[in-house]
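As provided, my_file21.txt (compact mmCIF, C-alpha atoms) reads as follows.
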# COMPACT_ATOMS: atom_id res chain seq x y z
CA MET A 1 142.37 114.26 103.30
CA SER A 2 142.24 111.66 106.06
CA LYS A 3 142.90 108.02 105.26
CA SER A 4 139.29 107.08 106.03
CA SER A 5 138.01 109.79 103.68
CA HIS A 6 140.48 108.67 100.99
CA ASP A 7 139.40 105.02 101.36
CA ARG A 8 135.82 105.90 100.38
CA THR A 9 136.67 108.24 97.48
CA ILE A 10 135.80 105.61 94.85
CA HIS A 11 133.34 102.74 95.08
CA ARG A 12 134.03 100.49 92.12
CA LYS A 13 131.19 98.73 90.38
CA ALA A 14 131.06 95.16 91.70
CA GLY A 15 128.26 93.74 89.60
CA ASP A 16 124.66 94.27 88.68
CA TYR A 17 123.89 97.54 90.52
CA ARG A 18 126.26 96.68 93.39
CA TRP A 19 129.43 98.49 94.49
CA ASP A 20 132.61 97.17 96.16
CA GLY A 21 132.73 97.88 99.87
CA VAL A 22 129.06 98.91 100.05
CA GLU A 23 126.87 96.74 102.23
CA LEU A 24 123.51 95.53 100.92
CA LEU A 25 121.05 96.52 103.64
CA PRO A 26 117.38 95.93 104.34
CA TYR A 27 115.21 98.83 103.19
CA LYS A 28 114.01 99.64 106.72
CA GLU A 29 114.18 98.35 110.24
CA ASP A 30 110.67 99.69 110.93
CA ASP A 31 108.04 96.95 111.20
CA ARG A 32 105.20 99.54 111.16
CA ALA A 33 105.83 100.50 107.53
CA LEU A 34 104.36 98.43 104.70
CA PHE A 35 106.86 97.75 101.88
CA LYS A 36 107.80 94.85 99.63
CA SER A 37 110.96 93.42 98.04
CA ILE A 38 113.31 96.39 98.41
CA THR A 39 116.95 96.82 99.47
CA ARG A 40 119.24 99.82 99.98
CA GLN A 41 122.92 100.63 99.68
CA VAL A 42 124.45 103.78 101.20
CA LEU A 43 126.89 104.95 98.52
CA PHE A 44 127.87 108.26 100.08
CA SER A 45 127.39 109.84 103.49
CA GLU A 46 129.51 112.85 104.34
CA PRO A 47 128.81 114.91 107.48
CA GLU A 48 130.55 118.00 106.06
CA MET A 49 128.10 118.07 103.13
CA HIS A 50 125.06 117.08 105.20
CA GLY A 51 124.01 114.75 102.39
CA GLU A 52 123.58 111.06 101.77
CA LEU A 53 123.31 109.23 98.44
CA ARG A 54 121.58 105.86 98.54
CA TYR A 55 120.69 103.27 95.93
CA PHE A 56 117.36 101.45 96.38
CA GLU A 57 116.26 98.48 94.35
CA MET A 58 112.84 96.87 94.25
CA ALA A 59 112.20 93.48 92.76
CA ALA A 60 109.47 93.32 90.12
CA GLY A 61 106.19 94.19 91.83
CA GLY A 62 107.97 95.66 94.87
CA PHE A 63 107.19 99.00 96.49
CA SER A 64 108.48 101.48 99.04
CA THR A 65 106.65 102.72 102.11
CA LEU A 66 103.90 105.31 101.73
CA GLU A 67 105.32 108.10 103.90
CA ARG A 68 106.31 111.74 104.23
CA HIS A 69 109.19 113.61 105.90
CA GLU A 70 110.27 117.10 106.80
CA HIS A 71 113.20 116.75 104.36
CA MET A 72 113.07 116.68 100.57
CA HIS A 73 114.29 113.90 98.27
CA ALA A 74 115.88 113.90 94.85
CA VAL A 75 115.35 110.54 93.10
CA LEU A 76 117.03 109.48 89.84
CA ILE A 77 115.78 106.26 88.23
CA LEU A 78 118.73 104.13 87.05
CA ARG A 79 116.90 101.02 85.88
CA GLY A 80 113.44 99.70 85.26
CA ARG A 81 109.98 101.20 85.17
CA GLY A 82 107.17 101.77 87.59
CA HIS A 83 104.94 104.46 89.03
CA CYS A 84 105.31 106.98 91.79
CA LEU A 85 102.92 108.89 93.97
CA VAL A 86 104.15 112.37 94.90
CA GLY A 87 101.53 114.44 96.69
CA SER A 88 98.34 114.22 94.65
CA GLU A 89 99.98 112.97 91.43
CA VAL A 90 100.57 109.44 90.20
CA LYS A 91 103.08 109.31 87.35
CA PRO A 92 104.77 106.60 85.30
CA ILE A 93 108.55 106.58 85.83
CA GLY A 94 111.46 105.03 83.96
CA THR A 95 115.20 105.08 83.43
CA ARG A 96 116.82 108.54 83.74
CA ASP A 97 113.68 110.22 85.13
CA LEU A 98 114.38 112.66 87.97
CA ILE A 99 111.72 113.00 90.65
CA THR A 100 111.73 115.69 93.33
CA VAL A 101 109.77 114.99 96.49
CA PRO A 102 109.07 118.21 98.43
CA PRO A 103 109.06 118.22 102.25
CA MET A 104 105.94 116.86 103.98
CA THR A 105 104.62 115.30 100.77
CA TRP A 106 103.14 111.79 100.68
CA HIS A 107 105.21 109.61 98.34
CA GLN A 108 105.64 106.01 97.31
CA PHE A 109 107.46 104.19 94.49
CA ARG A 110 106.28 100.98 92.84
CA ALA A 111 108.09 98.70 90.37
CA THR A 112 106.22 97.19 87.43
CA GLN A 113 105.42 93.48 87.62
CA GLY A 114 107.89 92.59 84.86
CA GLU A 115 111.19 94.15 85.98
CA PRO A 116 113.10 95.57 88.94
CA LEU A 117 113.17 99.30 89.65
CA GLY A 118 116.43 100.84 90.87
CA PHE A 119 117.05 104.44 91.85
CA LEU A 120 119.49 106.81 93.48
CA CYS A 121 118.08 108.93 96.30
CA MET A 122 119.80 112.04 97.68
CA VAL A 123 118.65 113.21 101.10
CA ASN A 124 119.85 115.16 104.09
CA ALA A 125 122.17 112.92 106.13
CA GLU A 126 120.50 114.07 109.36
CA ARG A 127 116.87 113.58 108.47
CA ASP A 128 113.70 113.14 110.44
CA LYS A 129 111.93 109.82 110.85
CA PRO A 130 109.26 109.00 108.26
CA GLN A 131 105.66 109.75 109.09
CA LEU A 132 103.17 107.06 108.13
CA PRO A 133 99.63 107.97 107.06
CA SER A 134 96.82 107.86 109.60
CA ALA A 135 93.46 106.32 108.71
CA GLU A 136 92.24 109.86 107.98
CA ASP A 137 95.23 110.55 105.70
CA LEU A 138 94.60 107.31 103.80
CA ALA A 139 90.92 108.15 103.39
CA LYS A 140 91.85 111.54 101.91
CA LEU A 141 94.35 109.94 99.51
CA ARG A 142 91.91 107.20 98.48
CA ALA A 143 89.24 109.80 97.69
CA ASP A 144 91.17 110.37 94.44
CA ALA A 145 90.39 107.41 92.13
CA LYS A 146 93.84 107.39 90.50
CA ILE A 147 95.63 107.41 93.87
CA ALA A 148 93.29 104.70 95.16
CA ALA A 149 94.12 102.51 92.13
CA PHE A 150 97.85 103.15 92.66
CA LEU A 151 97.62 102.17 96.34
CA ARG A 152 95.78 98.97 95.35
CA ASP A 153 98.58 98.29 92.81
CA GLU A 154 96.10 98.41 89.92
CA ILE A 155 98.01 100.86 87.71

How does this structure look as structure tokens?
Amino acid sequence: MSKSSHDRTIHRKAGDYRWDGVELLPYKEDDRALFKSITRQVLFSEPEMHGELRYFEMAAGGFSTLERHEHMHAVLILRGRGHCLVGSEVKPIGTRDLITVPPMTWHQFRATQGEPLGFLCMVNAERDKPQLPSAEDLAKLRADAKIAAFLRDEI
């Protein structure tokens, strides 16, 4: 094992959902994508495994970008409650729920107003850029009353 690989074998807990040696990053550097009050930490990224494990945290009332990708996601909620849109379903989510987001599926996560929402997300380390919905895509999503209410943050 190389020294650099050995140095990142363990990330010790540093505090409230933070880890030693892991930088707190902005959620995205993409100004096109609408999101609110969310940060990310890359906990694991190993080229040999082609995977990356990230921790995202939204402040109360925060949300991720409505988007889709060619790669799938595996999301494990570590703290808080909220709702998620995956495809044509809006579901309540909470601690220890596991959500699978299939490829090319619209998805978004929203924290409740009263508490932060934190989750681990496993993805392919070499992934495609997110696709944002067109006006036509949004119209199709909003045709479903439950999805429309979710997108208006009324759930």

For atom CA of A:Ala139 and atom CA of A:Thr39, the interatomic separation in Å (one decimal):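 Atom CA of A:Ala139 sits 28.7 Å away from atom CA of A:Thr39.
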
Within 7 Å of stretch 90-98 of chain A using only C-alpha atoms, minus same-chain residues under 2 positions, as a ChimeraX atom specification: /A:75-86,88,100,147

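Across A:Glu89, A:Val123, A:Arg110, A:Leu43, the tightest approach to A:Lys146 is made by A:Glu89 when counting all atoms listed in the file.
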
Neighbour residues at most 9 Å from (117.2, 116.4, 108.1) (only C-alpha atoms) as JSON, numbers by chain: {"A": [50, 69, 70, 71, 72, 123, 124, 125, 126, 127, 128, 129]}

Within 10 Å of A:Leu141 using only C-alpha atoms, minus same-chain residues under 6 positions, as a ChimeraX atom specification: /A:87-88,106,133,135,147-148,151

Point-to-point distance from atom CA of A:Glu23 to atom CA of A:Leu132, Å rounded to tenths: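 So the answer is 26.5 Å.
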
Distance query A:Ala74 at most 6 Å, only C-alpha atoms, self and fewer than 4 positions along chain excluded, as a PyMOL selection string: chain A and resi 99-100+121-122
